[in-house]
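Next comes work-v5.txt, with compact mmCIF, C-alpha atoms.
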```txt
# COMPACT_ATOMS: atom_id res chain seq x y z
CA MET A 202 0.00 0.00 0.00
CA SER A 203 2.83 2.44 0.79
CA ARG A 204 4.31 1.87 -2.71
CA LEU A 205 0.99 2.94 -4.26
CA LYS A 206 0.97 6.09 -2.11
CA VAL A 207 4.54 6.92 -3.21
CA MET A 208 3.56 6.42 -6.87
CA LYS A 209 0.53 8.71 -6.50
CA THR A 210 2.56 11.36 -4.68
CA THR A 211 5.35 11.19 -7.27
CA ALA A 212 2.82 11.46 -10.10
CA ALA A 213 1.22 14.47 -8.40
CA ALA A 214 4.63 16.13 -8.01
CA ALA A 215 5.43 15.50 -11.69
CA LEU A 216 2.06 16.98 -12.70
CA ILE A 217 2.60 20.05 -10.52
CA ALA A 218 6.10 20.50 -11.95
CA ALA A 219 4.82 20.17 -15.52
CA VAL A 220 2.05 22.70 -14.96
CA LEU A 221 3.94 25.24 -12.86
CA GLY A 222 7.44 24.81 -14.28
CA ALA A 223 10.68 23.21 -13.21
CA GLY A 224 11.11 25.60 -10.24
CA SER A 225 8.05 24.05 -8.65
CA VAL A 226 9.62 20.59 -8.36
CA ALA A 227 11.14 21.44 -4.98
CA MET A 228 7.79 22.75 -3.71
CA ALA A 229 6.02 19.64 -4.96
CA GLN A 230 8.59 17.45 -3.25
CA ASP A 231 8.24 19.45 -0.03
CA ALA A 232 4.54 18.67 -0.20
CA GLY A 233 5.31 14.99 0.27
CA ALA A 234 6.87 13.55 -2.88
CA PRO A 235 10.15 11.82 -2.06
CA ALA A 236 13.07 13.30 -4.03
CA ALA A 237 14.68 9.91 -4.67
CA GLU A 238 11.46 8.48 -6.09
CA ALA A 239 11.02 11.12 -8.83
CA PRO A 240 11.40 9.37 -12.19
CA ALA A 241 14.48 10.79 -13.92
CA ALA A 242 13.31 9.91 -17.44
CA GLU A 243 10.02 11.78 -17.08
CA ALA A 244 11.54 15.13 -16.08
CA PRO A 245 13.50 15.77 -19.33
CA ALA A 246 10.53 14.67 -21.44
CA ALA A 247 8.26 17.13 -19.62
CA GLU A 248 10.81 19.95 -19.96
CA ALA A 249 11.60 19.43 -23.67
CA PRO A 250 8.30 20.85 -24.99
CA ALA A 251 8.64 23.80 -22.60
CA GLU A 252 12.03 24.65 -24.15
CA ALA A 253 10.65 24.48 -27.70
CA ALA A 254 7.52 26.50 -26.90
CA PRO A 255 9.27 29.87 -26.29
CA ALA A 256 11.06 29.64 -29.65
CA GLU A 257 7.79 28.84 -31.42
CA ALA A 258 6.00 31.59 -29.57
CA ALA A 259 8.69 34.08 -30.50
CA ALA A 260 8.47 33.15 -34.13
CA ALA A 261 4.70 33.43 -34.13
CA ALA A 262 4.79 36.73 -32.27
CA SER A 263 7.22 38.24 -34.75
CA LEU A 264 4.65 37.71 -37.51
CA GLU A 265 1.86 39.56 -35.71
CA ALA A 266 0.77 42.62 -37.69
CA SER A 267 1.36 44.79 -34.62
CA ALA A 268 5.10 44.02 -34.90
CA PHE A 269 5.30 45.80 -38.28
CA ALA A 270 5.14 49.49 -39.21
CA LEU A 271 4.85 51.36 -42.48
CA ASN A 272 8.10 52.79 -43.90
CA THR A 273 10.20 50.25 -41.98
CA PRO A 274 13.36 49.31 -43.91
CA VAL A 275 13.36 45.77 -45.35
CA VAL A 276 16.62 43.84 -45.78
CA GLY A 277 17.39 40.51 -47.39
CA SER A 278 19.09 37.60 -45.67
CA ASP A 279 22.31 38.84 -47.28
CA GLY A 280 21.99 42.17 -45.41
CA LYS A 281 21.30 44.17 -48.58
CA ASP A 282 18.49 46.74 -48.65
CA VAL A 283 15.30 45.60 -50.38
CA GLY A 284 13.08 48.64 -49.78
CA THR A 285 10.49 49.84 -47.25
CA VAL A 286 7.16 48.47 -46.02
CA SER A 287 4.32 50.26 -47.81
CA ARG A 288 1.38 48.00 -46.88
CA ILE A 289 0.74 45.31 -44.27
CA SER A 290 -1.87 42.61 -44.95
CA SER A 291 -3.06 40.41 -42.10
CA SER A 292 -5.52 37.65 -41.32
CA ALA A 293 -8.57 38.09 -39.08
CA GLU A 294 -6.43 36.71 -36.23
CA GLY A 295 -3.87 39.50 -36.71
CA ALA A 296 -1.10 37.42 -38.29
CA VAL A 297 0.74 38.99 -41.22
CA THR A 298 -0.11 37.29 -44.52
CA GLU A 299 2.04 39.50 -46.76
CA LEU A 300 3.85 42.80 -46.98
CA GLN A 301 3.96 45.21 -49.86
CA VAL A 302 7.50 46.50 -50.12
CA THR A 303 8.40 49.54 -52.19
CA THR A 304 11.72 48.95 -53.92
CA ALA A 305 13.83 51.10 -56.24
CA SER A 306 12.08 49.49 -59.24
CA GLY A 307 8.49 49.43 -57.91
CA ALA A 308 6.49 47.56 -55.29
CA VAL A 309 6.59 43.80 -54.71
CA VAL A 310 4.45 41.50 -52.58
CA VAL A 311 6.46 39.60 -49.97
CA PRO A 312 4.65 36.53 -48.54
CA ALA A 313 4.76 35.91 -44.79
CA SER A 314 6.78 32.74 -45.45
CA ALA A 315 9.69 34.94 -46.60
CA ILE A 316 9.71 37.09 -43.43
CA ALA A 317 12.31 36.04 -40.86
CA ALA A 318 11.93 38.78 -38.23
CA ALA A 319 10.47 42.21 -37.52
CA GLY A 320 11.86 45.07 -35.49
CA GLU A 321 13.71 48.23 -36.44
CA LYS A 322 14.17 46.46 -39.77
CA VAL A 323 12.19 43.67 -41.41
CA GLN A 324 14.57 40.77 -42.05
CA LEU A 325 13.68 38.46 -44.92
CA SER A 326 14.67 34.80 -45.20
CA VAL A 327 15.61 35.36 -48.85
CA THR A 328 18.33 37.50 -50.42
CA ALA A 329 17.62 40.97 -51.81
CA ASP A 330 18.00 39.60 -55.37
CA GLU A 331 15.44 36.86 -54.66
CA ALA A 332 13.05 39.39 -53.10
CA ALA A 333 13.24 41.52 -56.26
CA LYS A 334 11.70 38.55 -58.13
CA PHE A 335 8.54 38.49 -55.99
CA PRO A 336 5.32 39.42 -57.85
CA ALA A 337 4.74 43.11 -58.50
CA ALA A 338 2.08 44.67 -56.31
CA GLY A 339 -1.21 45.42 -58.11
CA GLY A 340 -1.73 48.84 -56.56
CA ALA A 341 1.98 49.59 -56.29
CA ALA A 342 2.83 52.46 -54.00
CA GLU A 343 5.43 54.62 -55.66
```
Render the structure in this file as structure tokens.
Amino acid sequence: MSRLKVMKTTAAAALIAAVLGAGSVAMAQDAGAPAAEAPAAEAPAAEAPAEAAPAEAAAAASLEASAFALNTPVVGSDGKDVGTVSRISSSAEGAVTELQVTTASGAVVVPASAIAAAGEKVQLSVTADEAAKFPAAGGAAE
């Protein structure tokens, strides 16, 4: 019977740690879960998704329309200037679907899949030469 109690207590501690984060393991153990009984293989598995989640969240957040501004410089993955943001298109959820970028030779439509990051500059995941080959914008801002 005591082995069953230890298993339940350890499972509760693992659940608390998974929900509240790794710092809560000590509190969960103080609540009655024996430290030696905590399964070592379960802890890394529970922490692995937590490590990946911030990176995914950061990537998703960088494509929110609120992260972009008109007239922001746009650069290619090679660091060369592409142009400036002249229009921001977004989904109903607020995620950027495409940018219209005014270049020296006219405006092009840059799909969200080619946007690497937003900030003081919009960083593309393609070179400036590749970006110049994107489709021309229909209502090009000049």
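Residues lying within 7 Å of A:Leu325, counting all atoms listed in the file and ignoring same-chain neighbours fewer than 2 positions away, are Val276, Gly277, Ser278, Ala315, Ile316, Ala317, Ala318, Val323 and Val327 of chain A.
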Okay, now the selection with C-alpha atoms, as an mmCIF file, keeping the file's coordinate frame?
```cif
data_model
loop_
_atom_site.group_PDB
_atom_site.id
_atom_site.type_symbol
_atom_site.label_atom_id
_atom_site.label_comp_id
_atom_site.auth_asym_id
_atom_site.auth_seq_id
_atom_site.Cartn_x
_atom_site.Cartn_y
_atom_site.Cartn_z
ATOM 1 C CA VAL A 276 16.620 43.840 -45.780
ATOM 2 C CA GLY A 277 17.390 40.510 -47.390
ATOM 3 C CA SER A 278 19.090 37.600 -45.670
ATOM 4 C CA ALA A 315 9.690 34.940 -46.600
ATOM 5 C CA ILE A 316 9.710 37.090 -43.430
ATOM 6 C CA ALA A 317 12.310 36.040 -40.860
ATOM 7 C CA ALA A 318 11.930 38.780 -38.230
ATOM 8 C CA VAL A 323 12.190 43.670 -41.410
ATOM 9 C CA VAL A 327 15.610 35.360 -48.850
#
```
Which residues, protein or nucleic acid, reach to within 9 Å of (12.6, 44.2, -46.7) in the file's coordinates when using all atoms listed in the file, and can you give that as a ChimeraX atom specification? /A:273-277,281-286,300,302-304,311,316,322-325,329,332
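Considering only C-alpha atoms, the residue among A:Ala308, A:Leu271, A:Ala313, A:Ala319 positioned nearest to A:Ala338 is A:Ala308.
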- Spatial neighbours of A:Leu264, max dist 12 Å, all atoms listed in the file, sep filter under 2 positions, as a ChimeraX atom specification: /A:257-262,266-270,289-292,294-300,312-320,323-325
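Proximity of A:Lys334, A:Thr328, A:Asp279, A:Ala293 to A:Ser306, computed with all atoms listed in the file, is greatest for A:Lys334.
Minimum distance to A:Asn272 across A:Glu321, A:Gln301, A:Gly307, A:Ser287 (counting all atoms listed in the file) occurs at A:Ser287.
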